Amino acid sequence: MYEEYAVVMKGIVKRFPGVLANDHVDLFVRKGEIHAVVGENGAGKTTLMNQLYGLLHPDEGDIYIFGNKVIIRGPKDAIKNGIGMVHQHFMLVGNLTVAENVVLGSETTRGGVIFDLREARRKVKELSERYGLHVDVDAKIEDIPVGMQQRVEIIKTLYRGAEILVFDEPTAVLTPQETEELFEVMRRLKAAGKTMIFISHKLNEVMEISDNITVMRLGKVTANLVTRETNPREIARAMVGRDVVLRVEKPPHEPKEVVFEVEDLWVKDNRGLDAVRGVSLKVRAGEIVGIAGVAGNGQSEFVEAITGLRKIERGKVTLLGRDITGLDPRSLRNMRMTHIPEDRHKYGMVLQYPAYYNMILGKHWWEPYSVRGFLNHPAIFEGSKELFEEFDVRPRNVNMLGGNFSGGNQQKIVVAREVSGNPKFTAIAQPTRGLDVGAIEFIHRTILKLRENDVAILLVSMELEEIFSLSDRILVMYEGRIMGEVMPEKTTVEEVGLMMAGKRLEEVRT
Amino acid sequence: MEKYWGFIIPVVSVLVALIIAAFVILSVGKSPVEAYIIMVKGAFGSAGAIVNTIVKTAPLVLTGLAVGFGFRAGVFNIGAEGQMIMGALTATAVGINLGWAPPYFALSLTIISGMLAGAGWAAIAGYLKAKTGAHEVVTTIMLNWIATYLSAYMVQVPLAVGSGTPKSPEIAPSAKLPVLMKVGPLEMSAGIIISVIAAIVMYVVLEKTTMGYEVKAAGFNPYAAEYGGISISKNITMSMAISGALAGLAGVVELMGVHHRFLGTLSGGKGFDGISIALIGQNHPIGIIFAALLMGALRTGSNEMQFAGISKHIVMIIQGIVIFLVAADRIVRTMILWRKRRKVKA
């Protein structure tokens, strides 16, 4: 049975207390194809894959690998059946080399005791060359970029003999270039006859790389699509259960006075090198200024510097006519500056705090949350509950720990906190990274509402689509400098793309 | 369920430790039941025993709170011992010169000077960490040694009195803590009340105040705390200072309530016991009171066991196992889950 399929999961049911995570899910993956599994956060994709990898066990249903019915008790069983998992959060040891990481746990030995590094290096090198993975086998993991770390993860699975590779949201941590490189690798693996399952909620990527698509929603399969015969709109509808606006409508809005101004800003990165080199810009009330650019061109350092999290070496920052250069985050927040950070786990939330405490972070010393040094718990609860309602955070439980919410809902908590309480200026970095289409639409609408309320908004994003659909003006940053300023309706993706690659606007337009 | 782990883990750990120690006692040919009965009697069997246990508990509560507060704030104050010494030493220097002062003045001045000394001593490590990144574990250990030798010098030269064991003069009677209860030669001072009040204050500060919110946020995630307008360097220095003030208070309570003079053995490792107590008490003020009581009772009870011919070092085994299990709380979690699973299957 099912001989032509690499993976068949039939009638999978998985219950968690109070949730039906997988409700009679069928997944058919043909040999040698790239099969996308898409769905919103919490749709049950990861649960399904964890059952395939043996991290969870189905309550009902059967799994067939290459036509044989199997019971997968744990990752070891999965590996034995030729299933490899490329995790979203890499399972690598930072201070070991690439080769050491690959063989970790299944080391080749001489005489049963002596670790044979030379043999390990040879095998890793061979795998790297055969699939065009371009990794330096002797480099330490901590010294290589994220994209290469991911390729090490891929080699790890291949080293253990994987025929079926599961990629759990692999592009969430990658730059557009690295994503392209990953797709190149995947195509090469496909040509070598490997089967791949690609979990994602980025529709353009799914369209680009997959052969077939299984769409999940609320634990059920809602559509099985052939990539060639479908379009993003159809996938989005199956994912969300309604028509989704992939690009929100931006009403015209006249910007007012200049609220925020940066003059000749210089900032260093963690290694002490110049990351921002003389950036100047102005943001007016009711205006969204977008900063486009490839990740790592100084955008993060720029945002951290203007929000008080990083030292300003040189230059001047002005908010509402006041020089705020070098002020600490507390003073900036008192001046009604807010910040939606790019890394919500590192900066945006205290994962160990319940949601109601996360909802007041950065304004916890204000009334009514704090009265004469004591926390006003009833007011905090009430405020959080209202924001949960307004921003549709799920589940509606303000007592739940921040870390137990799904990524999309964590972001909603951060956004709700930072846009409420009448900000004058908001720095927004990567607001929709890792979110699904439904949540993206919601957050885009929220940002536009902020603009209508005459907040000055600085938007930093690696997603050109996002920059184009939200910004009133677009600045392109490359190696810490602004390459040029364009209006979204008077430019093209190509023009911005050239500036992202380091060409000045004058050079592009001549 | 998750809510109760903080309570279940230490209790189960203690029970398991008692069971394992029972086998040890058995293996040396004694009856564990008898040994434990003697131990409990030794700790709680008479008025004298109870007073003895409480006297031993009081400073342990305070060093436990000191370390526990540090943990909540994300700093590992391993220097409670040194802060305790500095607290007691400073309080001694103040207390011996207050013969002229009325009790309320002498008491508060001596207590406050001891707390400030502990706070200042710990703040050195906090400041170094905030400004230079020097790890507090290293700096507080070094400060411990400085405190140890400084106090040894003080009681041998400037503050020395009498002959024999180096010791300071007695503090003024007005600077001695009032005695709540007297059983034979044993005196129970108001130290235990100070300890319990300190625990309640710490609970209120951590759970009800804006400062507690900031301290815990900085302990959980310093990046998010800084993003949220909480100054990390200020918080580290302040948290260390508060932690040190509690340790200093432990020294003060030992001095003003028990010995009434500075002796080299006054701290006696109680600062280090604070680490275990904070761990067993899960850094919760109320948990720390009970953890300190457990330690105090084990210490008192073990003396009685020694008289009955069972080595008092058994309690060190019990203590060690408890700490091991609490620190490796996954073991206890797994044991409890196994039992649950078996029940589900049956």
# chains A, B, ... in the order shown; residues from 1 in each chain; ligands from 1
call {"tool": "interface_residues", "arguments": {"of": "chain A", "to": "chain B", "cutoff": "8 Å", "atoms": "only C-alpha atoms", "output": "list of chain:residue names"}}
result
A:Leu309, A:Asp328, A:Pro329, A:Arg330, A:Ser331, A:Arg333, A:Lys346, A:Tyr347, A:Gly348, A:Met349, A:Val350, A:Gln352, A:Tyr353, A:Leu361, A:Gly362, A:Lys363, A:His364, A:Trp365, A:Ser370, A:Gly373, A:Phe374, A:Leu375
call {"tool": "write_last_selection", "arguments": {"atoms": "C-alpha atoms", "output": "CSV table (one decimal), in the first residue's frame"}}
result
chain,number,residue,atom,x,y,z
A,309,LEU,CA,19.4,50.7,24.1
A,328,ASP,CA,17.9,56.2,28.7
A,329,PRO,CA,14.8,54.2,27.7
A,330,ARG,CA,12.9,55.3,30.7
A,331,SER,CA,13.2,59.0,29.9
A,333,ARG,CA,9.2,56.3,27.3
A,346,LYS,CA,14.9,39.0,23.7
A,347,TYR,CA,13.5,42.5,24.2
A,348,GLY,CA,9.8,42.5,23.8
A,349,MET,CA,8.7,40.3,26.6
A,350,VAL,CA,9.6,38.7,29.9
A,352,GLN,CA,8.3,34.1,32.6
A,353,TYR,CA,5.9,37.0,33.5
A,361,LEU,CA,6.4,46.7,30.7
A,362,GLY,CA,7.8,50.1,29.9
A,363,LYS,CA,4.9,51.9,31.6
A,364,HIS,CA,4.8,50.0,34.8
A,365,TRP,CA,5.9,53.1,36.8
A,370,SER,CA,1.8,52.1,39.9
A,373,GLY,CA,5.6,52.7,44.5
A,374,PHE,CA,3.0,49.9,44.8
A,375,LEU,CA,1.6,48.0,41.8
call {"tool": "residues_around", "arguments": {"residues": "segment 27-41 of chain B", "least_positions_apart": "5", "cutoff": "8 Å", "atoms": "only C-alpha atoms", "output": "list in words"}}
result
Ala22, Ser46, Ala49, Ala297, Leu298, Thr300, Gly301, Ser302, Glu304, Met305, Ala308 and Ile310 of chain B
call {"tool": "closest_residue", "arguments": {"among": "A:Asp343, A:Pro378, A:Thr491, A:Asn409", "to": "Asp436 of chain A", "atoms": "only C-alpha atoms"}}
result
A:Asn409
call {"tool": "residues_around", "arguments": {"residues": "Ser108 of chain B", "least_positions_apart": "3", "cutoff": "12 Å", "atoms": "only C-alpha atoms", "output": "number ranges by chain"}}
result
B: 91, 94-95, 98, 101-105, 111-116, 174-177, 194, 249, 252, 256
call {"tool": "residues_around", "arguments": {"residues": "segment 164-166 of chain B", "least_positions_apart": "5", "cutoff": "7 Å", "atoms": "only C-alpha atoms", "output": "list in words"}}
result
Val155, Gln156 and Leu263 of chain B
call {"tool": "write_last_selection", "arguments": {"atoms": "N, CA and C atoms", "output": "PDB file, in the first residue's frame"}}
result
ATOM      1  N   VAL B 155      39.497  41.639  65.866  1.00  0.00           N
ATOM      2  CA  VAL B 155      39.301  41.084  67.219  1.00  0.00           C
ATOM      3  C   VAL B 155      40.625  40.694  67.860  1.00  0.00           C
ATOM      4  N   GLN B 156      41.722  40.722  67.102  1.00  0.00           N
ATOM      5  CA  GLN B 156      43.015  40.428  67.711  1.00  0.00           C
ATOM      6  C   GLN B 156      43.777  41.689  68.068  1.00  0.00           C
ATOM      7  N   LEU B 263      32.915  37.145  67.822  1.00  0.00           N
ATOM      8  CA  LEU B 263      33.807  35.995  67.924  1.00  0.00           C
ATOM      9  C   LEU B 263      34.133  35.542  66.501  1.00  0.00           C
TER      10      LEU B 263
END
